[in-house]
Amino acid sequence: MTEVLSAPLVVEFPFTRSLGPVQSAFLTGLRERTVLGVTTSDGTVMVPPVEYDPVTAAEIRELVEVGTTGTVTTWAWNPRPRPHQPLDTPFAWVLVRLDGADTALLHALDAPGPDAVRTGMRVRVRWAAERTGAITDIACFEPAGDDAPEAAAAPHDGVFADPVTGIVAEARLDYTYSPGRAQTAYLDALAERRTVGERCPSCHKVYVPPRGACPTCGVATTDRVEVGPAGTVTTFCIVNIKARNLDIEVPYVYAHIALDGAGLALHGRIGGIPYDQVRMGLRVEPVWTEGGRHPDHYRPTGEPDADYDAYKELL
């Protein structure tokens, strides 16, 4: 029996975004220990602020300062914090309606245990020691006591020195991935420079890479079929932007390639030919990476182009 593979996987996509006048004022205010909201057309004070009225879609710019104390509207206990969460000890996720606001802000509440948290409790902002103009400038909330005075919203012009105009949003997911029985067999075959799919016993379509079940018929696929190695370009795109950490000169071509015997096309880069000579129907074959774990790219076989009718159902 084939041992199912597993490996750690990191999906990371940090990106830079610019801020409009409302979000810029909000994040700059946090840096200055000030919480700003906006007033909508019906007088609702929204925190965090938005740039367009959620009811009328009208542009809104009327900034107001709200309190740094508030009331918990609902909560959930987090007994096992994950890396990079606001606190490294057990805490509560809370929605807090800050004094002067009509909507609630999601953040963490530092509390000794779930028995110390309740809907309606009064809390206050605990500011981060170092603030840069981000939601993390609020380190967390902490209990304030039921006698904490309430503050009203007050107009604010949103003007601060050295405003925050852009942020880098860090998006990262760390997990252990197991491809399962079908794709483990597919990966093991690639190590031998073979491409293996699985055939649906109902519609007889051969899926490459195999999925373990036919997405059309909903039945398990166990009949393994070796396909290729050659195939046909069914459609393609020309890439003109150089990706970070990808040592490929632009422009280059990525294509959908229907391997001979497969019931659908897979994705692969085309090499060994000028990018402007790649075309639908081009016959290609794999060029394997050193060590043979997967094809590095596909190159022309020199055969005549495939007739459109031979691959039109695989577009």
# chains A, B, ... in the order shown; residues from 1 in each chain; ligands from 1

$ residues_around --residues "segment 164-173 of chain A" --least-positions-apart "6" --cutoff "12 Å" --atoms "only C-alpha atoms" --output "PyMOL selection string"
chain A and resi 8-32+82-84+131-135+158

$ select_by_dssp --residues "segment 135-300 of chain A" --states "strand (DSSP E)" --output "PyMOL selection string"
chain A and resi 138-143+154-155+166-169+172-177+195-199+206-207+223-227+231-239+252-259+266-270+283-288+295-300

$ residues_around --residues "segment 91-99 of chain A" --least-positions-apart "6" --cutoff "9 Å" --atoms "only C-alpha atoms" --output "PyMOL selection string"
chain A and resi 47+66-81+105-114+117+122-124+141+150-153

$ write_last_selection --atoms "N, CA and C atoms" --output "compact mmCIF listing (two decimals), in the first residue's frame"
# COMPACT_ATOMS: atom_id res chain seq x y z
N VAL A 47 -17.49 52.50 13.87
CA VAL A 47 -16.10 52.23 14.23
C VAL A 47 -15.87 50.73 14.11
N VAL A 66 -14.26 58.95 19.23
CA VAL A 66 -15.04 58.20 20.21
C VAL A 66 -14.15 57.86 21.40
N GLY A 67 -14.74 57.26 22.42
CA GLY A 67 -13.99 56.95 23.62
C GLY A 67 -13.06 55.77 23.46
N THR A 68 -12.18 55.63 24.43
CA THR A 68 -11.27 54.47 24.47
C THR A 68 -11.77 53.44 25.48
N THR A 69 -12.95 53.68 26.05
CA THR A 69 -13.64 52.68 26.85
C THR A 69 -14.90 52.28 26.10
N GLY A 70 -15.43 51.10 26.44
CA GLY A 70 -16.61 50.63 25.75
C GLY A 70 -17.24 49.45 26.42
N THR A 71 -18.22 48.84 25.74
CA THR A 71 -19.00 47.76 26.29
C THR A 71 -18.91 46.53 25.39
N VAL A 72 -18.69 45.36 25.99
CA VAL A 72 -18.64 44.11 25.25
C VAL A 72 -20.06 43.74 24.82
N THR A 73 -20.24 43.54 23.52
CA THR A 73 -21.56 43.14 23.01
C THR A 73 -21.67 41.63 22.84
N THR A 74 -20.58 40.97 22.56
CA THR A 74 -20.54 39.50 22.50
C THR A 74 -19.09 39.06 22.54
N TRP A 75 -18.84 37.79 22.82
CA TRP A 75 -17.46 37.33 23.00
C TRP A 75 -17.36 35.82 22.81
N ALA A 76 -16.13 35.35 22.63
CA ALA A 76 -15.83 33.92 22.53
C ALA A 76 -14.45 33.70 23.14
N TRP A 77 -14.29 32.66 23.94
CA TRP A 77 -13.03 32.39 24.62
C TRP A 77 -12.09 31.63 23.69
N ASN A 78 -10.83 32.02 23.70
CA ASN A 78 -9.80 31.37 22.88
C ASN A 78 -8.79 30.72 23.83
N PRO A 79 -8.92 29.42 24.09
CA PRO A 79 -8.05 28.78 25.09
C PRO A 79 -6.64 28.48 24.59
N ARG A 80 -6.45 28.42 23.26
CA ARG A 80 -5.14 28.06 22.72
C ARG A 80 -4.76 29.07 21.63
N PRO A 81 -4.17 30.18 22.01
CA PRO A 81 -3.80 31.19 21.00
C PRO A 81 -2.83 30.62 19.97
N LEU A 105 -16.27 46.95 17.46
CA LEU A 105 -14.93 46.69 16.95
C LEU A 105 -14.47 45.33 17.47
N LEU A 106 -13.94 44.49 16.58
CA LEU A 106 -13.43 43.18 16.99
C LEU A 106 -11.99 43.30 17.46
N HIS A 107 -11.71 42.75 18.64
CA HIS A 107 -10.33 42.73 19.14
C HIS A 107 -10.23 41.68 20.24
N ALA A 108 -9.08 41.67 20.91
CA ALA A 108 -8.82 40.70 21.98
C ALA A 108 -9.02 41.35 23.34
N LEU A 109 -9.51 40.57 24.30
CA LEU A 109 -9.67 41.03 25.68
C LEU A 109 -8.78 40.18 26.58
N ASP A 110 -7.89 40.84 27.30
CA ASP A 110 -7.01 40.15 28.24
C ASP A 110 -7.79 39.93 29.53
N ALA A 111 -8.15 38.67 29.81
CA ALA A 111 -8.92 38.32 31.00
C ALA A 111 -8.36 37.03 31.58
N PRO A 112 -8.47 36.82 32.90
CA PRO A 112 -7.88 35.63 33.52
C PRO A 112 -8.56 34.32 33.15
N GLY A 113 -9.79 34.38 32.66
CA GLY A 113 -10.49 33.16 32.29
C GLY A 113 -11.87 33.49 31.78
N PRO A 114 -12.58 32.51 31.21
CA PRO A 114 -13.91 32.79 30.64
C PRO A 114 -14.92 33.25 31.68
N VAL A 117 -15.41 37.05 31.88
CA VAL A 117 -15.90 37.76 30.70
C VAL A 117 -17.42 37.63 30.66
N ARG A 122 -17.69 46.38 31.02
CA ARG A 122 -17.01 47.58 30.58
C ARG A 122 -15.51 47.27 30.40
N VAL A 123 -14.95 47.73 29.29
CA VAL A 123 -13.54 47.47 28.98
C VAL A 123 -12.90 48.77 28.48
N ARG A 124 -11.57 48.78 28.45
CA ARG A 124 -10.85 49.94 27.93
C ARG A 124 -9.70 49.47 27.07
N PHE A 141 -7.86 44.84 24.66
CA PHE A 141 -8.71 45.49 25.65
C PHE A 141 -8.48 44.83 27.00
N GLU A 150 -18.70 56.87 30.72
CA GLU A 150 -18.88 56.79 29.27
C GLU A 150 -18.52 58.13 28.63
N ALA A 151 -17.95 58.05 27.43
CA ALA A 151 -17.59 59.25 26.68
C ALA A 151 -18.50 59.38 25.47
N ALA A 152 -18.74 60.61 25.06
CA ALA A 152 -19.58 60.86 23.88
C ALA A 152 -18.69 61.10 22.67
N ALA A 153 -19.28 60.88 21.48
CA ALA A 153 -18.54 61.17 20.26
C ALA A 153 -18.40 62.68 20.10

$ closest_residue --among "A:Thr39, A:Phe160, A:Ala139, A:Glu51" --to "Thr103 of chain A" --atoms "only C-alpha atoms"
A:Thr39

$ closest_residue --among "A:Ala57, A:Leu5, A:Ala161, A:Val253" --to "Ser178 of chain A" --atoms "only C-alpha atoms"
A:Leu5

$ atom_distance --atom1 "atom CA of Gly291 of chain A" --atom2 "atom CA of Ile248 of chain A"
19.4 Å

$ residues_around --residues "segment 185-199 of chain A" --least-positions-apart "3" --cutoff "8 Å" --atoms "only C-alpha atoms" --output "PyMOL selection string"
chain A and resi 2+181-182+204-212+221-229+262+288+291-294

$ write_last_selection --atoms "N, CA and C atoms" --output "PDB file, in the first residue's frame"
ATOM      1  N   THR A   2       0.568   2.213  -0.837  1.00  0.00           N
ATOM      2  CA  THR A   2       1.360   3.433  -0.955  1.00  0.00           C
ATOM      3  C   THR A   2       1.224   4.286   0.293  1.00  0.00           C
ATOM      4  N   ARG A 181      -4.495   9.807  -1.152  1.00  0.00           N
ATOM      5  CA  ARG A 181      -4.086   8.606  -1.881  1.00  0.00           C
ATOM      6  C   ARG A 181      -3.836   8.875  -3.356  1.00  0.00           C
ATOM      7  N   ALA A 182      -4.800   9.546  -4.015  1.00  0.00           N
ATOM      8  CA  ALA A 182      -4.715   9.704  -5.465  1.00  0.00           C
ATOM      9  C   ALA A 182      -3.537  10.580  -5.865  1.00  0.00           C
ATOM     10  N   HIS A 204     -15.878   7.869 -17.634  1.00  0.00           N
ATOM     11  CA  HIS A 204     -14.632   7.419 -18.270  1.00  0.00           C
ATOM     12  C   HIS A 204     -13.643   8.557 -18.557  1.00  0.00           C
ATOM     13  N   LYS A 205     -13.883   9.714 -17.980  1.00  0.00           N
ATOM     14  CA  LYS A 205     -12.924  10.807 -18.142  1.00  0.00           C
ATOM     15  C   LYS A 205     -11.712  10.547 -17.255  1.00  0.00           C
ATOM     16  N   VAL A 206     -10.511  10.839 -17.787  1.00  0.00           N
ATOM     17  CA  VAL A 206      -9.264  10.626 -17.045  1.00  0.00           C
ATOM     18  C   VAL A 206      -8.812  11.971 -16.471  1.00  0.00           C
ATOM     19  N   TYR A 207      -8.735  12.038 -15.144  1.00  0.00           N
ATOM     20  CA  TYR A 207      -8.360  13.275 -14.471  1.00  0.00           C
ATOM     21  C   TYR A 207      -6.876  13.289 -14.141  1.00  0.00           C
ATOM     22  N   VAL A 208      -6.196  14.363 -14.570  1.00  0.00           N
ATOM     23  CA  VAL A 208      -4.776  14.557 -14.312  1.00  0.00           C
ATOM     24  C   VAL A 208      -4.577  16.018 -13.886  1.00  0.00           C
ATOM     25  N   PRO A 209      -4.081  16.273 -12.668  1.00  0.00           N
ATOM     26  CA  PRO A 209      -3.800  15.320 -11.610  1.00  0.00           C
ATOM     27  C   PRO A 209      -5.084  14.655 -11.103  1.00  0.00           C
ATOM     28  N   PRO A 210      -4.981  13.430 -10.582  1.00  0.00           N
ATOM     29  CA  PRO A 210      -6.172  12.739 -10.090  1.00  0.00           C
ATOM     30  C   PRO A 210      -6.700  13.394  -8.820  1.00  0.00           C
ATOM     31  N   ARG A 211      -7.990  13.273  -8.609  1.00  0.00           N
ATOM     32  CA  ARG A 211      -8.630  13.913  -7.458  1.00  0.00           C
ATOM     33  C   ARG A 211      -9.201  12.920  -6.461  1.00  0.00           C
ATOM     34  N   GLY A 212      -9.160  11.639  -6.806  1.00  0.00           N
ATOM     35  CA  GLY A 212      -9.713  10.630  -5.906  1.00  0.00           C
ATOM     36  C   GLY A 212     -11.186  10.379  -6.127  1.00  0.00           C
ATOM     37  N   THR A 221     -12.575   7.309  -7.943  1.00  0.00           N
ATOM     38  CA  THR A 221     -11.755   6.883  -9.080  1.00  0.00           C
ATOM     39  C   THR A 221     -10.565   6.102  -8.531  1.00  0.00           C
ATOM     40  N   THR A 222     -10.396   4.889  -9.021  1.00  0.00           N
ATOM     41  CA  THR A 222      -9.287   4.043  -8.567  1.00  0.00           C
ATOM     42  C   THR A 222      -8.485   3.457  -9.719  1.00  0.00           C
ATOM     43  N   ASP A 223      -9.026   3.506 -10.938  1.00  0.00           N
ATOM     44  CA  ASP A 223      -8.354   2.929 -12.099  1.00  0.00           C
ATOM     45  C   ASP A 223      -7.291   3.896 -12.608  1.00  0.00           C
ATOM     46  N   ARG A 224      -6.016   3.591 -12.359  1.00  0.00           N
ATOM     47  CA  ARG A 224      -4.930   4.490 -12.723  1.00  0.00           C
ATOM     48  C   ARG A 224      -4.549   4.306 -14.186  1.00  0.00           C
ATOM     49  N   VAL A 225      -4.303   5.442 -14.847  1.00  0.00           N
ATOM     50  CA  VAL A 225      -3.995   5.453 -16.271  1.00  0.00           C
ATOM     51  C   VAL A 225      -2.785   6.349 -16.491  1.00  0.00           C
ATOM     52  N   GLU A 226      -1.765   5.821 -17.183  1.00  0.00           N
ATOM     53  CA  GLU A 226      -0.620   6.640 -17.525  1.00  0.00           C
ATOM     54  C   GLU A 226      -0.929   7.413 -18.799  1.00  0.00           C
ATOM     55  N   VAL A 227      -0.695   8.702 -18.791  1.00  0.00           N
ATOM     56  CA  VAL A 227      -1.008   9.563 -19.938  1.00  0.00           C
ATOM     57  C   VAL A 227       0.273  10.224 -20.428  1.00  0.00           C
ATOM     58  N   GLY A 228       0.155  10.885 -21.611  1.00  0.00           N
ATOM     59  CA  GLY A 228       1.303  11.602 -22.165  1.00  0.00           C
ATOM     60  C   GLY A 228       2.378  10.641 -22.666  1.00  0.00           C
ATOM     61  N   PRO A 229       3.657  11.062 -22.610  1.00  0.00           N
ATOM     62  CA  PRO A 229       4.121  12.326 -22.028  1.00  0.00           C
ATOM     63  C   PRO A 229       3.797  13.563 -22.874  1.00  0.00           C
ATOM     64  N   ALA A 262      -5.511  12.168 -21.539  1.00  0.00           N
ATOM     65  CA  ALA A 262      -6.133  12.825 -20.388  1.00  0.00           C
ATOM     66  C   ALA A 262      -7.476  13.427 -20.776  1.00  0.00           C
ATOM     67  N   TRP A 288      12.167  17.732 -18.004  1.00  0.00           N
ATOM     68  CA  TRP A 288      12.146  17.462 -16.571  1.00  0.00           C
ATOM     69  C   TRP A 288      13.224  18.253 -15.827  1.00  0.00           C
ATOM     70  N   GLY A 291      16.861  15.840 -11.306  1.00  0.00           N
ATOM     71  CA  GLY A 291      16.332  15.012 -10.232  1.00  0.00           C
ATOM     72  C   GLY A 291      14.970  14.437 -10.575  1.00  0.00           C
ATOM     73  N   GLY A 292      14.290  15.018 -11.573  1.00  0.00           N
ATOM     74  CA  GLY A 292      13.084  14.397 -12.115  1.00  0.00           C
ATOM     75  C   GLY A 292      11.839  14.487 -11.279  1.00  0.00           C
ATOM     76  N   ARG A 293      11.726  15.462 -10.359  1.00  0.00           N
ATOM     77  CA  ARG A 293      10.545  15.503  -9.506  1.00  0.00           C
ATOM     78  C   ARG A 293       9.307  16.023 -10.240  1.00  0.00           C
ATOM     79  N   HIS A 294       9.496  16.879 -11.244  1.00  0.00           N
ATOM     80  CA  HIS A 294       8.360  17.401 -11.997  1.00  0.00           C
ATOM     81  C   HIS A 294       8.889  18.052 -13.265  1.00  0.00           C
TER      82      HIS A 294
END
